[in-house]
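Take a look at the structure below.
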Amino acid sequence: MEVLILLIAASLALAGGFLLVFFWATRNGQFDDTTTPAMRILTDDPPVQPAPASPLPQNPQ
Amino acid sequence: MRSVLQPQPPTGTLAGGLRMAPAVPELDRAIPAQTSAPACHHCGEPCASGGFEAEGHSFCCLGCQTVFGLLQESGLSDFYNIAARPGKRVDASAQPERWAYLDDPSVAAKLLDFSDDKIARVTFQTPAIHCVACVWLLENLFRLHPGIGRSRVNFARREVSITFTPQRAKLSELAGLLSRIGYEPSLTLAELDRETTSPRSRLGLQVGVAGFAFGNIMLFSLPLYLGLDSATGPMFRSLFGWLSLALALPVVTFSASDYWRSAWASLRQRTLTLDVPIAAGLAALYGQSAWEILSGHGEGYLDSLAGLVFFLLCGRAFQRKTHERLVFDRDYKGFFPLGVVRHAASGEETVSISQLQVGDRLRVRHGELVPADARLLSGEGLIDYSFVTGESEPVSRQPGDHLYAGGRQVGGAVELETVKPVSQSYLTSLWNDEAFRKGRDDTFNTLTNSYSRRFTRLVLVVAVAAVLGWVAVGNPARGLKAFTSVLIVACPCALALAAPFTLGTAQRLLARRGVCLRNGQVVESIAKVDAIALDKTGTLTAAHTTEIRFHGDTLSPHETAVIAALCRHSAHPYSRRLAQLAPPGPAPEVTEFSETTGAGLSGRVEGQPVLLGSPAWLVRNGIEIPADSPSTATVLIALGGRFRGAFALDNTLRPEIDQLLQQLGKRFELALISGDNARERARFAGLFGEQANLHFNLSPQDKLGFIRSLQARRRTVMMVGDGLNDAGALRQGDVGVAVVEGVGKFSPASDVILDSPMVCRLGDIVDFCRRATTIVRVSFGISAAYNAVGIAIAAAGILSPLVCAILMPLSSATVVLFAVGATTWAGSRHGLRNLSEPTQPPTPTQP
């Protein structure tokens with residue numbers, strides 16, 4: 001039954017990892033806006049017409 | 001005298017689709033809009049004949065057509081495919097240079113979220129955001145301006161945050177671009193002292209930690225409950241015990257930290273809030289468990305502890321759902337614009353209001369606010385004070401007259417000289433009243449706390465009695481266990497969840513119908529109300545729609561056309577409203593038009609002299625007015641030198657107000673407190689009934705005083721109002737209800753923000769809140785029953801962790817299910833459910 005110790009360590013590490021991910025996501029503001037993403041998917045990939053002359057980096061953060 | 005012969009630009013109000021049906025007898029109702037005109041491809045408003053066309057689509061105005069062109073050019077025409085007529089009417093006459101003040105470094109520094117040489121980010125409030133297409137368009141802003149990088153919309157907050165390159169795009173350009181495509185940012189004085197909103201993520205993290213610990217401790221507890229020891233010996237028992245103890249530590253120190261703090265605070269104030277028994281229970285749980293585990297006597301109650309904290313925090317999170325897009329504590333700063341046009345030596349410049357000094361000369365255009373108490377220097381002032389003083393009619397002012405801050409100029413541009421700084425104006429000085437200084441204490445006199453005071457005392461008595469009882473029979477060890485057991489089992493988890501889940505559900509149901517409460521406690525306050533004070537303009541009546549009645553022999557369609565044609569040449573709100581009566585077809589020709597401010601219009605229509613205006617104006621022009629002409633009439637008409645009749649323009653009463661007042665009058669002490677003159681006293685005396693309590697000509701301070709006088713008679717007062725002049729009364733009232741035309745518009749500080757179509761449901765709202773507080777009481781009863789069972793077991797000294805682990809979640813779940821279920825049922829009884837779509841207010845017709 002001593003193998004349980006290994007399993008417990010593994011499960012705690014996994015759960016702890018998820019907790020850390022949750023902390024990171026909250027701090028990162030992923031739960032700040034829960035309305036707009038639901039609307040955004042409705043307009044994903046609209047048929048884009050020829051874009052204007054000066055394309056810009058879309059993700060300058 | 002001023003002569004204007006050019007027709008007005010086709011602004012929306014003139015081009016609006018209101019038509020008078022031919023040969024209508026006495027018009028007793030508002031004239032309904034006719035929908036036969038084609039709808040604007042951009043904004044969906046009806047188009048006037050001879051309007052604007054492009055690529056086979058009709059547009060109501062130049063502004064809308066321009067946006068359409070702009071979006072076509074930039075490859076953004078999908079905007080119109082995502083939703084039908086997704087736009088908002090765009091004012092083409094707005095001047096782009098009015099945003100210039102945004103480039104002032106001191107203003108920019110306040111507005112920018114961050115900036116360095118290469119990149120800057122700004123977040124604008126854009127109330128016009130309303131649909132999926134808006135989100136899509138605003139997130140594709142980079143195609144409209146090369147300086148814009150990424151833009152993100154927060155739909156719930158009606159915000160767009162834009163990342164841009166400062167060298168290639170100025171802040172003023174961004175604001176200009178947004179307003180050009182119909183999303184004018186709302187930049188008010190409040191932006192300047194905007195605090196960086198602290199993220200409400202702490203509670204989320206606390207719930208996360210408690211949930212994590214709860215799950216894992218459960219994993220370690222279950223084998224012990226099921227007898228793991230017997231197979232494996234005591235090694236796992238102590239290992240699991242130690243692990244549980246370690247996992248519970250962050251729950252006690254981090255997740256439950258608010259309970260320690262609040263219990264300590266309430267002990268220091270010598271009051272007993274519900275957090276005191278909770279903290280005592282938590283301490284007993286952790287202490288008892290630690291002792292059992294360290295001494296090897298048992299496995300402790302740590303799963304119950306973690307579960308308890310987890311459920312409690314879930315309840316908090318449920319109740320803490322706030323309306324992100326609504327601000328409940330706005331003062332006048334949220335109403336005044338950020339920028340004004342000032343005359344300087346170098347010409348006109350736009351500056352931020354905070355830089356205004358006494359003696360500055362300002363230019364205020366049509367539709368703009370008077371930013372500070374000022375003297376009119378030149379131009380014809382026609383000031384709409386409806387939001388500030390409650391006067392329903394715009395007042396005319398001559399050069400030299402004093403203007404109060406907050407009025408809105410309608411008509412031409414005027415020049416002013418400020419005489420007082422913004423913060424000390426007639427209106428804004430209302431905020432110096434003590435009603436605004438005292439903080440609102442929400443937490444003390446709640447149902448939960450009054451109940452918990454009794455509850456806590458009882459628990460302590462039982463716990464001490466248990467100890468004494470066991471000592472008396474000679475078993476002090478069992479007495480100690482009984483003491484901690486009572487504290488543990490009496491930990492009022494279910495009790496603490498009853499109110500949050502009931503009030504939180506009530507809050508959600510109400511919000512769905514456009515009734516937004518500041519927090520759950522407001523439900524309890526509403527339930528206690530026994531007197532209601534109502535404002536008139538904007539609350540009982542719709543401030544921006546007027547109904548027209550004609551007194552006299554019915555006008556022929558031609559006569560109506562003649563009157564409307566003359567009115568088309570004037571910018572006065574009454575004229576603009578009357579111009580909408582024009583029947584379809586070409587308008588008759590107007591010559592020799594002239595307008596005298598504060599008096600009336602004159603001119604010739606197809607050669608026939610027409611006079612229109614106040615009684616004095618007609619008399620001055622030699623018209624005899626019959627003695628029986630109605631006194632409530634506001635615009636008198638003379639055709640061909642003979643008196644023809646009179647129009648009465650009254651603000652439209654909101655629908656079903658008469659039933660509402662009847663219904664409320666039977667159950668509450670009702671009062672009307674209006675800043676307007678007593679012209680409509682008779683009309684409202686009829687509505688309020690015999691013992692009507694009507695007050696007119698009240699200043700903002702008078703309104704506040706009126707509420708105080710009611711409260712001095714031990715009334716619990718609900719104040720319902722909309723304007724800045726109601727701000728003091730809203731604040732002083734036990735419940736302040738601010739009525740808005742469309743949720744998200746400016747409203748003064750209040751407890752409730754009520755969408756205008758819901759005004760007529762006020763009685764239902766109060767009933768529903770009363771029922772919700774009854775549900776809270778019943779939930780208290782249920783949890784008390786569970787507690788009685790638990791305490792009986794505990795006092796006997798036979799409480800085991802397993803019993804605790806079952807009893808605690810069971811009682812919490814019962815109470816939560818009952819609270820949510822019963823409240824939802826009550827909501828449907830009061831007609832608050834089954835309408836997931838919030839009712840949209842009718843598009844207001846500008847006067």
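Letters A, B, ... mark the chains of the structure tokens in the order given; residue numbers begin at 1 per chain; ligand numbers begin at 1, in order shown.
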Could the residues of chain B that have an atom at most 6 Å from chain A be listed as a Markdown table, each with its closest atom pair and the distance in Å to one decimal, counting only C-alpha atoms and ordered by chain and ascending residue number?
| residue | atom | partner | partner_atom | distance |
| --- | --- | --- | --- | --- |
| B:Gly75 | CA | A:Gln49 | CA | 5.3 |
| B:Val132 | CA | A:Met39 | CA | 5.9 |
| B:Gly149 | CA | A:Gln58 | CA | 5.6 |
| B:Arg150 | CA | A:Gln58 | CA | 5.5 |
| B:Asn154 | CA | A:Thr36 | CA | 5.8 |
| B:Phe155 | CA | A:Thr36 | CA | 5.2 |
Deliver the residues from the most recent selection as a file, using all heavy atoms, as a PDB file, in the first residue's frame.
ATOM      1  N   GLY B  75     -13.479  48.508 -45.971  1.00  0.00           N
ATOM      2  CA  GLY B  75     -13.705  47.064 -45.985  1.00  0.00           C
ATOM      3  C   GLY B  75     -14.409  46.576 -44.745  1.00  0.00           C
ATOM      4  O   GLY B  75     -14.211  45.454 -44.317  1.00  0.00           O
ATOM      5  N   VAL B 132     -23.784  42.879 -31.190  1.00  0.00           N
ATOM      6  CA  VAL B 132     -22.609  42.144 -31.642  1.00  0.00           C
ATOM      7  C   VAL B 132     -21.837  42.931 -32.694  1.00  0.00           C
ATOM      8  O   VAL B 132     -20.604  42.954 -32.705  1.00  0.00           O
ATOM      9  CB  VAL B 132     -23.049  40.791 -32.232  1.00  0.00           C
ATOM     10  CG1 VAL B 132     -21.854  39.980 -32.637  1.00  0.00           C
ATOM     11  CG2 VAL B 132     -23.877  40.028 -31.241  1.00  0.00           C
ATOM     12  N   GLY B 149      -3.600  50.127 -32.886  1.00  0.00           N
ATOM     13  CA  GLY B 149      -3.194  48.740 -32.901  1.00  0.00           C
ATOM     14  C   GLY B 149      -4.388  47.857 -32.604  1.00  0.00           C
ATOM     15  O   GLY B 149      -5.219  47.591 -33.450  1.00  0.00           O
ATOM     16  N   ARG B 150      -4.500  47.498 -31.360  1.00  0.00           N
ATOM     17  CA  ARG B 150      -5.528  46.545 -30.991  1.00  0.00           C
ATOM     18  C   ARG B 150      -6.606  47.280 -30.213  1.00  0.00           C
ATOM     19  O   ARG B 150      -6.322  48.203 -29.454  1.00  0.00           O
ATOM     20  CB  ARG B 150      -4.833  45.516 -30.112  1.00  0.00           C
ATOM     21  CG  ARG B 150      -5.645  44.494 -29.466  1.00  0.00           C
ATOM     22  CD  ARG B 150      -4.653  43.687 -28.630  1.00  0.00           C
ATOM     23  NE  ARG B 150      -5.255  43.370 -27.362  1.00  0.00           N
ATOM     24  CZ  ARG B 150      -5.524  42.122 -26.990  1.00  0.00           C
ATOM     25  NH1 ARG B 150      -5.213  41.131 -27.766  1.00  0.00           N
ATOM     26  NH2 ARG B 150      -6.081  41.878 -25.837  1.00  0.00           N
ATOM     27  N   ASN B 154     -15.239  45.790 -23.842  1.00  0.00           N
ATOM     28  CA  ASN B 154     -15.859  45.118 -22.709  1.00  0.00           C
ATOM     29  C   ASN B 154     -17.329  45.461 -22.773  1.00  0.00           C
ATOM     30  O   ASN B 154     -17.740  46.571 -22.438  1.00  0.00           O
ATOM     31  CB  ASN B 154     -15.240  45.579 -21.385  1.00  0.00           C
ATOM     32  CG  ASN B 154     -15.801  44.807 -20.205  1.00  0.00           C
ATOM     33  OD1 ASN B 154     -16.967  44.447 -20.190  1.00  0.00           O
ATOM     34  ND2 ASN B 154     -14.949  44.552 -19.233  1.00  0.00           N
ATOM     35  N   PHE B 155     -18.119  44.514 -23.243  1.00  0.00           N
ATOM     36  CA  PHE B 155     -19.528  44.807 -23.530  1.00  0.00           C
ATOM     37  C   PHE B 155     -20.301  45.152 -22.257  1.00  0.00           C
ATOM     38  O   PHE B 155     -21.082  46.089 -22.234  1.00  0.00           O
ATOM     39  CB  PHE B 155     -20.167  43.603 -24.220  1.00  0.00           C
ATOM     40  CG  PHE B 155     -21.565  43.855 -24.681  1.00  0.00           C
ATOM     41  CD1 PHE B 155     -21.800  44.524 -25.866  1.00  0.00           C
ATOM     42  CD2 PHE B 155     -22.652  43.439 -23.932  1.00  0.00           C
ATOM     43  CE1 PHE B 155     -23.080  44.772 -26.299  1.00  0.00           C
ATOM     44  CE2 PHE B 155     -23.946  43.687 -24.355  1.00  0.00           C
ATOM     45  CZ  PHE B 155     -24.162  44.353 -25.537  1.00  0.00           C
TER      46      PHE B 155
END
Excluding Gly603 (chain B) and any residue of its chain fewer than 4 positions from it, enumerate the residues within 8 Å of it, using only C-alpha atoms, and give them as a compact mmCIF listing (two decimals) with C-alpha atoms, in the first residue's frame.
# COMPACT_ATOMS: atom_id res chain seq x y z
CA LEU B 566 -43.64 78.11 -40.17
CA VAL B 590 -42.70 80.64 -46.01
CA THR B 591 -41.74 84.28 -46.43
CA GLU B 592 -40.99 87.17 -44.05
CA PHE B 593 -40.17 84.75 -41.24
CA SER B 594 -39.11 86.26 -37.97
CA PRO B 609 -49.97 86.04 -42.28
CA VAL B 610 -49.39 83.51 -39.51
CA LEU B 611 -48.64 84.26 -35.86
Practice item. One decimal, Å: what's the distance from CA of Ser452 (chain B) over to CA of Pro277 (chain B), could you say? Key: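 Computed distance, CA of Ser452 (chain B) to CA of Pro277 (chain B), equals 8.4 Å.
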As an mmCIF file with N, CA and C atoms, in the first residue's frame, please: the residues near Glu417 (chain B) (cut-off 12 Å, only C-alpha atoms, same-chain neighbours under 4 positions excluded).
data_model
loop_
_atom_site.group_PDB
_atom_site.id
_atom_site.type_symbol
_atom_site.label_atom_id
_atom_site.label_comp_id
_atom_site.auth_asym_id
_atom_site.auth_seq_id
_atom_site.Cartn_x
_atom_site.Cartn_y
_atom_site.Cartn_z
ATOM 1 N N VAL B 341 -15.403 75.015 -24.575
ATOM 2 C CA VAL B 341 -14.701 75.916 -25.487
ATOM 3 C C VAL B 341 -14.510 77.255 -24.795
ATOM 4 N N ARG B 342 -13.256 77.681 -24.676
ATOM 5 C CA ARG B 342 -12.956 78.925 -23.976
ATOM 6 C C ARG B 342 -12.363 79.921 -24.963
ATOM 7 N N HIS B 343 -12.733 81.178 -24.779
ATOM 8 C CA HIS B 343 -12.111 82.230 -25.580
ATOM 9 C C HIS B 343 -10.810 82.617 -24.922
ATOM 10 N N LEU B 356 -11.086 75.622 -15.625
ATOM 11 C CA LEU B 356 -11.864 76.858 -15.746
ATOM 12 C C LEU B 356 -11.625 77.769 -14.556
ATOM 13 N N GLN B 357 -11.564 79.059 -14.843
ATOM 14 C CA GLN B 357 -11.441 80.010 -13.755
ATOM 15 C C GLN B 357 -12.568 81.020 -13.842
ATOM 16 N N VAL B 358 -12.829 81.642 -12.707
ATOM 17 C CA VAL B 358 -13.862 82.665 -12.698
ATOM 18 C C VAL B 358 -13.457 83.762 -13.672
ATOM 19 N N GLY B 359 -14.404 84.205 -14.493
ATOM 20 C CA GLY B 359 -14.109 85.245 -15.449
ATOM 21 C C GLY B 359 -13.758 84.725 -16.825
ATOM 22 N N ASP B 360 -13.637 83.421 -16.975
ATOM 23 C CA ASP B 360 -13.369 82.866 -18.303
ATOM 24 C C ASP B 360 -14.582 83.072 -19.193
ATOM 25 N N ARG B 361 -14.305 83.286 -20.471
ATOM 26 C CA ARG B 361 -15.417 83.440 -21.415
ATOM 27 C C ARG B 361 -15.560 82.149 -22.208
ATOM 28 N N LEU B 362 -16.768 81.636 -22.202
ATOM 29 C CA LEU B 362 -17.008 80.317 -22.800
ATOM 30 C C LEU B 362 -17.996 80.433 -23.938
ATOM 31 N N ARG B 363 -17.922 79.447 -24.815
ATOM 32 C CA ARG B 363 -18.884 79.358 -25.891
ATOM 33 C C ARG B 363 -19.634 78.045 -25.722
ATOM 34 N N VAL B 364 -20.947 78.121 -25.654
ATOM 35 C CA VAL B 364 -21.752 76.922 -25.466
ATOM 36 C C VAL B 364 -22.692 76.789 -26.655
ATOM 37 N N VAL B 370 -24.206 74.146 -19.679
ATOM 38 C CA VAL B 370 -23.567 75.288 -19.031
ATOM 39 C C VAL B 370 -22.716 74.702 -17.907
ATOM 40 N N PRO B 371 -21.387 74.831 -17.990
ATOM 41 C CA PRO B 371 -20.555 74.061 -17.073
ATOM 42 C C PRO B 371 -20.430 74.645 -15.674
ATOM 43 N N ALA B 372 -20.662 75.923 -15.514
ATOM 44 C CA ALA B 372 -20.526 76.538 -14.193
ATOM 45 C C ALA B 372 -21.511 77.701 -14.146
ATOM 46 N N ASP B 373 -21.836 78.140 -12.947
ATOM 47 C CA ASP B 373 -22.708 79.316 -12.868
ATOM 48 C C ASP B 373 -22.068 80.444 -13.661
ATOM 49 N N ALA B 374 -22.849 81.091 -14.504
ATOM 50 C CA ALA B 374 -22.248 82.039 -15.438
ATOM 51 C C ALA B 374 -23.231 83.149 -15.777
ATOM 52 N N ARG B 375 -22.689 84.194 -16.409
ATOM 53 C CA ARG B 375 -23.513 85.305 -16.887
ATOM 54 C C ARG B 375 -23.559 85.194 -18.402
ATOM 55 N N LEU B 376 -24.741 85.397 -18.969
ATOM 56 C CA LEU B 376 -24.875 85.333 -20.423
ATOM 57 C C LEU B 376 -24.336 86.629 -21.011
ATOM 58 N N LEU B 377 -23.391 86.514 -21.942
ATOM 59 C CA LEU B 377 -22.815 87.703 -22.551
ATOM 60 C C LEU B 377 -23.521 88.046 -23.849
ATOM 61 N N SER B 378 -23.631 87.071 -24.730
ATOM 62 C CA SER B 378 -24.295 87.361 -25.982
ATOM 63 C C SER B 378 -24.951 86.107 -26.509
ATOM 64 N N PRO B 399 -28.988 88.449 -22.650
ATOM 65 C CA PRO B 399 -27.635 88.817 -22.214
ATOM 66 C C PRO B 399 -27.683 89.575 -20.884
ATOM 67 N N GLY B 400 -26.763 89.250 -19.985
ATOM 68 C CA GLY B 400 -26.738 89.850 -18.664
ATOM 69 C C GLY B 400 -27.372 88.951 -17.615
ATOM 70 N N ASP B 401 -28.218 88.011 -18.054
ATOM 71 C CA ASP B 401 -28.882 87.125 -17.093
ATOM 72 C C ASP B 401 -27.901 86.109 -16.517
ATOM 73 N N HIS B 402 -28.286 85.615 -15.348
ATOM 74 C CA HIS B 402 -27.478 84.621 -14.658
ATOM 75 C C HIS B 402 -27.918 83.223 -15.091
ATOM 76 N N LEU B 403 -26.981 82.368 -15.383
ATOM 77 C CA LEU B 403 -27.313 80.995 -15.765
ATOM 78 C C LEU B 403 -26.748 80.045 -14.727
ATOM 79 N N TYR B 404 -27.551 79.062 -14.369
ATOM 80 C CA TYR B 404 -27.081 78.056 -13.422
ATOM 81 C C TYR B 404 -26.369 76.931 -14.154
ATOM 82 N N ALA B 405 -25.368 76.399 -13.515
ATOM 83 C CA ALA B 405 -24.648 75.268 -14.092
ATOM 84 C C ALA B 405 -25.590 74.087 -14.250
ATOM 85 N N PRO B 421 -16.670 78.982 -9.592
ATOM 86 C CA PRO B 421 -16.040 77.728 -10.014
ATOM 87 C C PRO B 421 -17.056 76.589 -10.028
#
Exercise for review: Just the residues within 10 Å of Leu639 (chain B), please, counting only C-alpha atoms, with nothing from its chain fewer than 4 positions along; format it as a list in words.
Suggested key: Glu559, Val562, Ile563, Arg604, Val605, Gln608, Pro609, Val610, Leu611, Leu612, Ile623, Phe643, Arg644 and Gly645 of chain B
Write out as a PDB file with C-alpha atoms, in the first residue's frame all residues of region 721-796 of chain B that backbone DSSP assigns to strand (DSSP E).
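Result file is selection35.pdb:
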ATOM      1  CA  GLY B 721     -36.455  60.790  -9.076  1.00  0.00           C
ATOM      2  CA  VAL B 735     -34.240  54.030  -0.589  1.00  0.00           C
ATOM      3  CA  GLY B 736     -33.247  56.246  -3.510  1.00  0.00           C
ATOM      4  CA  VAL B 737     -34.580  55.144  -6.872  1.00  0.00           C
ATOM      5  CA  ALA B 738     -33.096  56.861  -9.909  1.00  0.00           C
ATOM      6  CA  VAL B 739     -35.117  56.585 -13.108  1.00  0.00           C
ATOM      7  CA  VAL B 740     -33.097  56.373 -16.320  1.00  0.00           C
ATOM      8  CA  VAL B 752     -31.730  51.532  -7.278  1.00  0.00           C
ATOM      9  CA  ILE B 753     -31.386  52.352 -10.945  1.00  0.00           C
ATOM     10  CA  LEU B 754     -34.741  51.851 -12.567  1.00  0.00           C
ATOM     11  CA  ASP B 755     -35.227  51.648 -16.292  1.00  0.00           C
TER      12      ASP B 755
END
Review point. Which parts of region 276-520 of chain B does DSSP call alpha helix (DSSP H) when run on the backbone here, written out as an MDAnalysis selection string?
Key: chainID B and resid 276:295 302:319 434:437 447:472 476:490 493:512
Point to revise | Length of the CA of Phe706 (chain B) to CA of Gln662 (chain B) vector [Å] | key: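 Interatomic distance here is 22.1 Å.
Of the listed residues (B:Ser812, B:Gln424, B:Ser756, B:Ser172), B:Ser756 comes nearest to Arg513 (chain B); the distances count only C-alpha atoms.
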Practice item. Show which residues sit within 7 Å of Val820 (chain B), as a PyMOL selection string. Count only C-alpha atoms, and ignore same-chain residues fewer than 3 positions away. Key: chain B and resi 501-502+505+816-817+823-824
Please write the residues from the selection above to a file, keeping N, CA and C atoms, as a tab-separated table (two decimals), in the first residue's frame.
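Listed below is the output, out.tsv:
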chain	number	residue	atom	x	y	z
B	501	PHE	N	-28.31	34.16	-0.74
B	501	PHE	CA	-28.91	33.51	-1.88
B	501	PHE	C	-30.31	34.04	-2.19
B	502	THR	N	-31.07	34.37	-1.16
B	502	THR	CA	-32.39	34.95	-1.42
B	502	THR	C	-32.25	36.33	-2.06
B	505	THR	N	-30.68	36.25	-5.53
B	505	THR	CA	-31.61	35.82	-6.58
B	505	THR	C	-32.59	36.93	-6.90
B	816	VAL	N	-30.07	26.73	0.63
B	816	VAL	CA	-29.78	27.38	-0.65
B	816	VAL	C	-30.87	27.03	-1.67
B	817	LEU	N	-31.23	25.75	-1.75
B	817	LEU	CA	-32.25	25.35	-2.72
B	817	LEU	C	-33.58	26.03	-2.41
B	823	THR	N	-37.56	32.17	-4.11
B	823	THR	CA	-37.46	33.53	-4.65
B	823	THR	C	-37.82	33.54	-6.12
B	824	THR	N	-37.36	32.54	-6.85
B	824	THR	CA	-37.70	32.48	-8.27
B	824	THR	C	-39.20	32.35	-8.45
Exercise for review: Skip Phe768 (chain B) itself and residues of its chain fewer than 4 positions away, then list as a list in words all residues within 10 Å of it, counting only C-alpha atoms.
Suggested key: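 The residues satisfying every condition are Ala506, Leu510, Val523, Ile526, Ala527, Leu762, Gly763, Asp764, Ala772, Thr773, Thr774, Thr823, Ala826, Gly827, Ser828, Arg829, His830, Gly831 and Leu832 of chain B.
Take CA of Ala599 (chain B) and CA of Ala542 (chain B): the distance between them is 25.3 Å.
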Practice item. Pick out the closest residue to Val486 (chain B) from this set: B:Gly281, B:Gln167, B:Glu589, B:Ser570. Count only C-alpha atoms. Key: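 When distances to Val486 (chain B) are compared using only C-alpha atoms, the smallest one comes from B:Gly281.
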Exercise for review: Tell me which protein, DNA and RNA residues are within 9 Å of Ile673 (chain B), counting only C-alpha atoms, leaving out same-chain ones fewer than 4 positions away, and put them as a ChimeraX atom specification.
Suggested key: /B:533-536,693-698,703,706
Selected residues written out with N, CA, C and O atoms, as a CSV table (one decimal), in the first residue's frame:
chain,number,residue,atom,x,y,z
B,533,ALA,N,-42.0,59.2,-2.2
B,533,ALA,CA,-42.0,60.6,-2.7
B,533,ALA,C,-41.6,60.5,-4.2
B,533,ALA,O,-40.6,59.8,-4.5
B,534,LEU,N,-42.3,61.1,-5.1
B,534,LEU,CA,-42.1,61.0,-6.5
B,534,LEU,C,-41.8,62.4,-7.1
B,534,LEU,O,-42.4,63.4,-6.8
B,535,ASP,N,-40.8,62.4,-8.0
B,535,ASP,CA,-40.5,63.6,-8.7
B,535,ASP,C,-41.4,63.6,-9.9
B,535,ASP,O,-42.1,62.6,-10.3
B,536,LYS,N,-41.6,64.7,-10.6
B,536,LYS,CA,-42.5,64.8,-11.7
B,536,LYS,C,-41.8,64.6,-13.0
B,536,LYS,O,-41.9,63.6,-13.7
B,693,ASN,N,-50.8,65.0,-1.8
B,693,ASN,CA,-49.8,65.8,-1.2
B,693,ASN,C,-48.8,66.3,-2.3
B,693,ASN,O,-47.8,65.6,-2.6
B,694,LEU,N,-49.2,67.4,-2.9
B,694,LEU,CA,-48.4,67.9,-4.1
B,694,LEU,C,-47.6,69.1,-3.7
B,694,LEU,O,-48.1,70.0,-3.1
B,695,HIS,N,-46.4,69.1,-4.1
B,695,HIS,CA,-45.5,70.2,-3.8
B,695,HIS,C,-44.8,70.6,-5.1
B,695,HIS,O,-44.2,69.8,-5.8
B,696,PHE,N,-44.9,71.9,-5.4
B,696,PHE,CA,-44.2,72.4,-6.6
B,696,PHE,C,-43.2,73.5,-6.3
B,696,PHE,O,-43.1,73.9,-5.1
B,697,ASN,N,-42.4,73.9,-7.3
B,697,ASN,CA,-41.4,74.9,-7.1
B,697,ASN,C,-40.4,74.6,-6.0
B,697,ASN,O,-40.0,75.5,-5.2
B,698,LEU,N,-40.0,73.4,-5.8
B,698,LEU,CA,-39.1,73.0,-4.8
B,698,LEU,C,-37.7,73.1,-5.3
B,698,LEU,O,-37.4,72.7,-6.4
B,703,LYS,N,-36.3,69.7,-1.6
B,703,LYS,CA,-36.6,68.2,-1.7
B,703,LYS,C,-36.0,67.4,-0.6
B,703,LYS,O,-36.6,66.5,0.0
B,706,PHE,N,-37.7,67.9,2.5
B,706,PHE,CA,-39.0,67.3,2.5
B,706,PHE,C,-38.9,65.8,3.0
B,706,PHE,O,-39.7,65.3,3.8
